[in-house]
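One structure below.
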Amino acid sequence: MLLEIENLGVRYGGITALNGVSIAVAEGETVLLVGANGAGKSSTINAVIGLVTAASGRITFDGKDLGSVPCERRARLGIGYSPEGRRVFPTLTVTDNVLTGAFGLGRARQREALDWLVTVFPLLKDRAQQPAGQLSGGQQQIVALARAMCAFPRLLLLDEPFLGLAPVWIEQISSAITQLKARGTTVLMTEQMARPALKLATRGYVMRGGEVRRSGTVAEIRAVALAEEYL
Amino acid sequence: MEQFSQAMIIGVSLGAQYALLALGFTLIFGILGVVNFSHGGFYMLGGYVAYSCVYHLGLPYPLAVLAAVFATGALGYLFELVLLERVIDDHLSTLMLTLGLYLIVSTAVLLIFGPVSPEFPFPVSGAWRAGPIYVPLENLVVLAVCVCAIAGLYALLFSTDLGRGLRALADDRDVAMAQGMRPKLLFPLAFALATGLAGLTGALVTPILSLSPSVGDPVLATSFLTVILGGLGSLGGAALAAFVVGIVEAYTSVYFGGSVGALVLFILVLVILVFRPTGLLGREIRGA
Amino acid sequence: MAEPVEGALPRSSAGFSWAGFPWAEFAACLVFVAAFAIPSFTRSQLIYSIANQALVGVVAALSVWIMLRMNLLTFATPAFMAIGGYSVAILAPMGVTDAFALTAISFVVPALLALPLGALVLRLRGTYFVLVTYVLSEILQLILFMTPDLTGGSNGISGIPAVTFLGTELVSNRAVLKMACAIGLVACLITAGVTRYFRQHFAAIEENEILAESLGLVIWRYKVIGFVVAAGVAGLAGFSLVNMLLTAHPSSFSSGSAVDFIAYTIIGGRASILGPVVGTGLLVWATNLFGTQGQLAQGMYGVLILAVVLAAKGGITGSIATLFRRVRGAN
């Protein structure tokens, strides 16, 4: 397994956000976390990247226990992160935003990454010098996605990449994620709007109340999601 | 006309100095979320380091200025790394720490050098004339160095990986950390950069204006003024506001005299703070 | 908020609980009452002078402390002191010398000015508030210099007639000191009253402003109340200072002195009203030990501030309380 989450618990103050969550993601898979708002999807992602600390349980990435690895070193291990709400750096230009994803890797590698990303996302070329804060939501999501990919991570964490986007952008971003998958990138993504995300996923988990309720193949998750009205 | 152009030159020269101070101040606020009450102290310290290097070590003035930059930068680096870092997320505590540092630094200078202003003249004198325009050479030198320093800072911030990282940390610390930027490495650097600039300004300007242990107070006030006017945390805003403040100050002192200009600026700043806390070129910044 | 914590000690047996009694406030007021006795013990002019300085400082520190209750740091104390002090200095030569009237005036005038100001400014977040108060202090200094007809400009106002108490002029050093004690007691009672009455609101604001707001507390209203009272208390300090010096001069209210009052409060300890009282007393006394080298005291304040922020979060009173609890726990 590339990523293994075992019995993860997360608390904010007195509130339990995650309780006994176990999730496994194998190399090359695209795993989807489905659930309503507050189900614990984002907390799971944030625990993997290290923005929230685990109160209990273990997260291992490529066999390495992440417990003692601070957030700012996890990126270097090969984890890319596209946060909920996109959170591009508003005052940085589009190019600068993307390049922050490869911070400290040297100009040559940054150049190489940017050249490739521009072919996947032509937007990055058209809007290269524009401050990312001025872009539309869909454009910002592309910037956030490119930023997460810039260091060619082995695991890509996508937190609600379709949230609040128009169908035309959902299509573009879906096709971009498909291209990234083709490069062999492993993806762990969350989505409330499960329908477009299910097209991309190979496997999924249903979360509710900070716990994993079901796991299974895309077809099984689709059935559960339909029953519980996530679609 | 002569008076008008004269005031313009003084204003621009003041503006360049204020820009160096305000850029450092706003850098610290933007990146670390810290209001640096010791900023004036680093300016004052820069002046005294340069003075000591010239009069006690016999160094030529340019080297003394460099020494001042390194000394103030190093002190800033250590202060951030050893003390500020421990309470970095509590804005009241960071503010108190910088205030405490200022009190310590100014008292130390007072102990070592005494309360009397030392004789520390600018090494270049004379003036450059072109028709009715008359510019003291010292102002030109200061202006040139300040402009170079501002250009250098912009180059660092906008065309290096380090600068990109610093700006990303200022925009969104959590996400920047998730991209691999290490605050523990970059925060002391940012602080050192800012205090080094304050030290540079002090080393350059105190020989022209004055040097005394209390010279940091008005500098802090001006930095506040400039940075609020430009929008806390905004680099472009700080640079623009610095020239506005410098020019307003120069013209009001030439045409009205006294403190009218300062009062006008302070009241303008108060109004801005209340009705448009993001400043002239400001943007929303994270909760501070 | 404070009660349940202390109430945890099982003391209430006969229906009355000492646990809820405001011990700290009571003790702080006692300090001022005790200060009245100083002239009966000594005729030393030095002690009179130190005591007077401390009494002015402690009132100013109480003003800082009120704002710190809400996690707000203020540099505006000297500005409101100046408004209170200058009000007295302007009105006294016109014949208003009654101690009660002047005390009321020195509280009410700055408080009234603080009301619209606070309503505007206190919607801002912490950092902006700090900057606004700093700017306010600077503006007031400039205004003092620019209104020579009203405030005497850079000369200030001197030759202020002595305060009268029930028709008696308070001219001797002993009488002036007693007046300072009386002002201090009034300031302490007001501070204690307001912070006790609103303690739950202030505690909620200090704890977590956003949460308090989401629970329906109209935050800025309570902040304005605190700000107005803090301004009034600062005005009392200004009155006390003018009464001590018999002059009102811009340099007495320099924005730099705000740092001293903040130092007194933080170093004394911000958790209880005894903090500013103890902090001011000790620091003013220590400052006088430096004698002619008084400016060096600033360095000591600096070191102590670093120590409090980094090591002893509770300041002097907080550390003593912790120590006391530990000793009692060990027994």
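Naming works like this for the structure tokens: A, B, ... for the chains as they're shown, residue 1 at the start of each chain, ligands 1 onward in shown order.
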Residues of range 65-247 of chain C in strand (DSSP E or B), written as a VMD selection string: chain C and resid 98 157 164 to 165 168 to 169
Based on only C-alpha atoms, which of the residues in chain B come within 9 Å of chain A? I want them as a PDB file with C-alpha atoms, in the first residue's frame.
ATOM      1  CA  PHE B 158       9.861  38.469  -7.130  1.00  0.00           C
ATOM      2  CA  ASP B 161      12.551  30.742  -5.190  1.00  0.00           C
ATOM      3  CA  LEU B 162      13.147  32.131  -1.701  1.00  0.00           C
ATOM      4  CA  ARG B 164       8.319  33.205  -3.888  1.00  0.00           C
ATOM      5  CA  GLY B 165       8.279  31.093  -0.764  1.00  0.00           C
ATOM      6  CA  ARG B 167       5.304  35.671  -0.447  1.00  0.00           C
ATOM      7  CA  ALA B 168       3.436  32.368  -0.402  1.00  0.00           C
ATOM      8  CA  LEU B 169       3.863  32.155   3.376  1.00  0.00           C
ATOM      9  CA  ALA B 170       2.474  35.665   3.666  1.00  0.00           C
ATOM     10  CA  ASP B 171      -0.576  34.779   1.577  1.00  0.00           C
ATOM     11  CA  ASP B 172      -1.527  31.500   3.237  1.00  0.00           C
ATOM     12  CA  ASP B 174      -0.929  26.563   6.046  1.00  0.00           C
ATOM     13  CA  VAL B 175      -1.042  25.892   2.334  1.00  0.00           C
ATOM     14  CA  ALA B 176       2.516  27.156   1.914  1.00  0.00           C
ATOM     15  CA  MET B 177       3.645  24.687   4.568  1.00  0.00           C
ATOM     16  CA  ALA B 178       1.788  21.928   2.775  1.00  0.00           C
ATOM     17  CA  GLN B 179       3.819  22.836  -0.346  1.00  0.00           C
ATOM     18  CA  GLY B 180       7.006  22.302   1.626  1.00  0.00           C
ATOM     19  CA  MET B 181       7.934  25.808   2.763  1.00  0.00           C
ATOM     20  CA  ARG B 182       9.446  25.634   6.208  1.00  0.00           C
ATOM     21  CA  PRO B 183       8.486  28.576   8.416  1.00  0.00           C
ATOM     22  CA  ARG B 283      -6.046  43.383   0.247  1.00  0.00           C
TER      23      ARG B 283
END
Selection: 12 Å around range 150-154 of chain C, only C-alpha atoms, excl. self and same-chain fewer than 6 positions, as a PyMOL selection string: chain C and resi 82-83+85-91+140-144+247-252
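Here the question is which of B:Ser117, B:Leu99, B:Ser214, B:Leu193 gets nearest to Ala149 in chain B using only C-alpha atoms, and that residue is B:Leu193.
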Top pick for closest residue to chain C, considering B:Val274, B:Leu32, B:Val116, B:Leu211 and counting only C-alpha atoms: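 Ranked by minimum distance to chain C, first place goes to B:Val274.
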Near-Ile150 in chain B list (10 Å; only C-alpha atoms; drop same-chain fewer than 2 positions) as a ChimeraX atom specification: /B:16-17,19-20,23,144-148,152-156,197,239
Convert the current residue selection to file output with N, CA and C atoms, as a PDB file, in the first residue's frame.
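Result file follows (out31.pdb):
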ATOM      1  N   ALA B  16      12.293  57.560  -0.200  1.00  0.00           N
ATOM      2  CA  ALA B  16      13.115  56.378  -0.421  1.00  0.00           C
ATOM      3  C   ALA B  16      13.534  55.763   0.916  1.00  0.00           C
ATOM      4  N   GLN B  17      13.885  56.649   1.880  1.00  0.00           N
ATOM      5  CA  GLN B  17      14.253  56.126   3.208  1.00  0.00           C
ATOM      6  C   GLN B  17      13.069  55.424   3.860  1.00  0.00           C
ATOM      7  N   ALA B  19      10.583  54.159   2.463  1.00  0.00           N
ATOM      8  CA  ALA B  19      10.227  52.932   1.751  1.00  0.00           C
ATOM      9  C   ALA B  19      11.039  51.755   2.282  1.00  0.00           C
ATOM     10  N   LEU B  20      12.345  51.974   2.504  1.00  0.00           N
ATOM     11  CA  LEU B  20      13.178  50.884   3.016  1.00  0.00           C
ATOM     12  C   LEU B  20      12.677  50.415   4.377  1.00  0.00           C
ATOM     13  N   LEU B  23       9.047  48.805   3.905  1.00  0.00           N
ATOM     14  CA  LEU B  23       9.061  47.498   3.249  1.00  0.00           C
ATOM     15  C   LEU B  23       9.437  46.411   4.247  1.00  0.00           C
ATOM     16  N   ALA B 144      20.370  57.100  -4.031  1.00  0.00           N
ATOM     17  CA  ALA B 144      20.861  56.050  -4.925  1.00  0.00           C
ATOM     18  C   ALA B 144      20.943  54.706  -4.201  1.00  0.00           C
ATOM     19  N   VAL B 145      21.497  54.725  -2.981  1.00  0.00           N
ATOM     20  CA  VAL B 145      21.627  53.461  -2.249  1.00  0.00           C
ATOM     21  C   VAL B 145      20.248  52.890  -1.922  1.00  0.00           C
ATOM     22  N   CYS B 146      19.340  53.772  -1.497  1.00  0.00           N
ATOM     23  CA  CYS B 146      17.997  53.296  -1.155  1.00  0.00           C
ATOM     24  C   CYS B 146      17.320  52.679  -2.375  1.00  0.00           C
ATOM     25  N   VAL B 147      17.421  53.343  -3.502  1.00  0.00           N
ATOM     26  CA  VAL B 147      16.775  52.825  -4.712  1.00  0.00           C
ATOM     27  C   VAL B 147      17.374  51.470  -5.080  1.00  0.00           C
ATOM     28  N   CYS B 148      18.705  51.355  -4.973  1.00  0.00           N
ATOM     29  CA  CYS B 148      19.343  50.060  -5.264  1.00  0.00           C
ATOM     30  C   CYS B 148      18.839  48.981  -4.295  1.00  0.00           C
ATOM     31  N   GLY B 152      16.930  45.678  -5.221  1.00  0.00           N
ATOM     32  CA  GLY B 152      17.459  44.381  -4.819  1.00  0.00           C
ATOM     33  C   GLY B 152      16.424  43.554  -4.077  1.00  0.00           C
ATOM     34  N   LEU B 153      15.683  44.222  -3.191  1.00  0.00           N
ATOM     35  CA  LEU B 153      14.652  43.527  -2.424  1.00  0.00           C
ATOM     36  C   LEU B 153      13.571  42.986  -3.354  1.00  0.00           C
ATOM     37  N   TYR B 154      13.193  43.834  -4.323  1.00  0.00           N
ATOM     38  CA  TYR B 154      12.167  43.388  -5.266  1.00  0.00           C
ATOM     39  C   TYR B 154      12.659  42.203  -6.093  1.00  0.00           C
ATOM     40  N   ALA B 155      13.922  42.267  -6.510  1.00  0.00           N
ATOM     41  CA  ALA B 155      14.474  41.154  -7.277  1.00  0.00           C
ATOM     42  C   ALA B 155      14.450  39.878  -6.445  1.00  0.00           C
ATOM     43  N   LEU B 156      14.835  40.017  -5.176  1.00  0.00           N
ATOM     44  CA  LEU B 156      14.853  38.851  -4.304  1.00  0.00           C
ATOM     45  C   LEU B 156      13.450  38.280  -4.131  1.00  0.00           C
ATOM     46  N   LEU B 197      17.432  45.793   6.574  1.00  0.00           N
ATOM     47  CA  LEU B 197      17.058  46.990   5.816  1.00  0.00           C
ATOM     48  C   LEU B 197      16.913  48.191   6.748  1.00  0.00           C
ATOM     49  N   ALA B 239       5.610  50.815  -0.503  1.00  0.00           N
ATOM     50  CA  ALA B 239       6.548  51.615  -1.282  1.00  0.00           C
ATOM     51  C   ALA B 239       5.872  52.898  -1.761  1.00  0.00           C
TER      52      ALA B 239
END
Selection: 7 Å around range 216-218 of chain A, only C-alpha atoms, excl. self and same-chain fewer than 6 positions, as JSON, numbers by chain: {"A": [198, 201, 202, 203, 204, 205]}
One-decimal distance in Å that lies between CA of Leu124 in chain A and CA of Glu27 in chain A: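 We find that CA of Glu27 in chain A and CA of Leu124 in chain A lie 28.2 Å from each other.
CA of Asp159 in chain A lies 4.8 Å from CA of Glu84 in chain A.
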Neighbour list for range 163-173 of chain A as a list in words, cut-off 7 Å, only C-alpha atoms, skip fewer than 4 positions in-chain: Gly137, Gly138, Ile142 and Ile177 of chain A
Point-to-point distance from CA of Ile10 in chain B to CA of Val269 in chain B, Å rounded to tenths: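 About the pair CA of Ile10 in chain B and CA of Val269 in chain B: they are 22.1 Å apart.
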Exercise answer, chain B residues close to chain C, 6 Å and only C-alpha atoms, as a ChimeraX atom specification: /B:97,100,103-104,107,274,288
Just C-alpha atoms for this one: save the residues we selected as an mmCIF file, in the first residue's frame.
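For reference, part28.cif as written:
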data_model
loop_
_atom_site.group_PDB
_atom_site.id
_atom_site.type_symbol
_atom_site.label_atom_id
_atom_site.label_comp_id
_atom_site.auth_asym_id
_atom_site.auth_seq_id
_atom_site.Cartn_x
_atom_site.Cartn_y
_atom_site.Cartn_z
ATOM 1 C CA LEU B 97 8.528 40.655 22.754
ATOM 2 C CA GLY B 100 10.815 44.388 25.136
ATOM 3 C CA LEU B 103 13.551 48.768 25.349
ATOM 4 C CA ILE B 104 16.618 46.584 25.859
ATOM 5 C CA THR B 107 18.909 51.121 26.935
ATOM 6 C CA VAL B 274 -11.395 52.900 10.523
ATOM 7 C CA ALA B 288 -4.141 39.092 12.970
#
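Among the candidates C:Ala111, C:Ala28, C:Leu274, C:Arg174, the one nearest to Phe41 in chain C when counting only C-alpha atoms is C:Arg174.
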Range 28-44 of chain A environment, 8 Å, only C-alpha atoms, sequence neighbours closer than 2 positions dropped, as a PyMOL selection string: chain A and resi 10+17-18+25-26+46-48+52+84+159+181+184-192+194+197-198+200-211+225+230
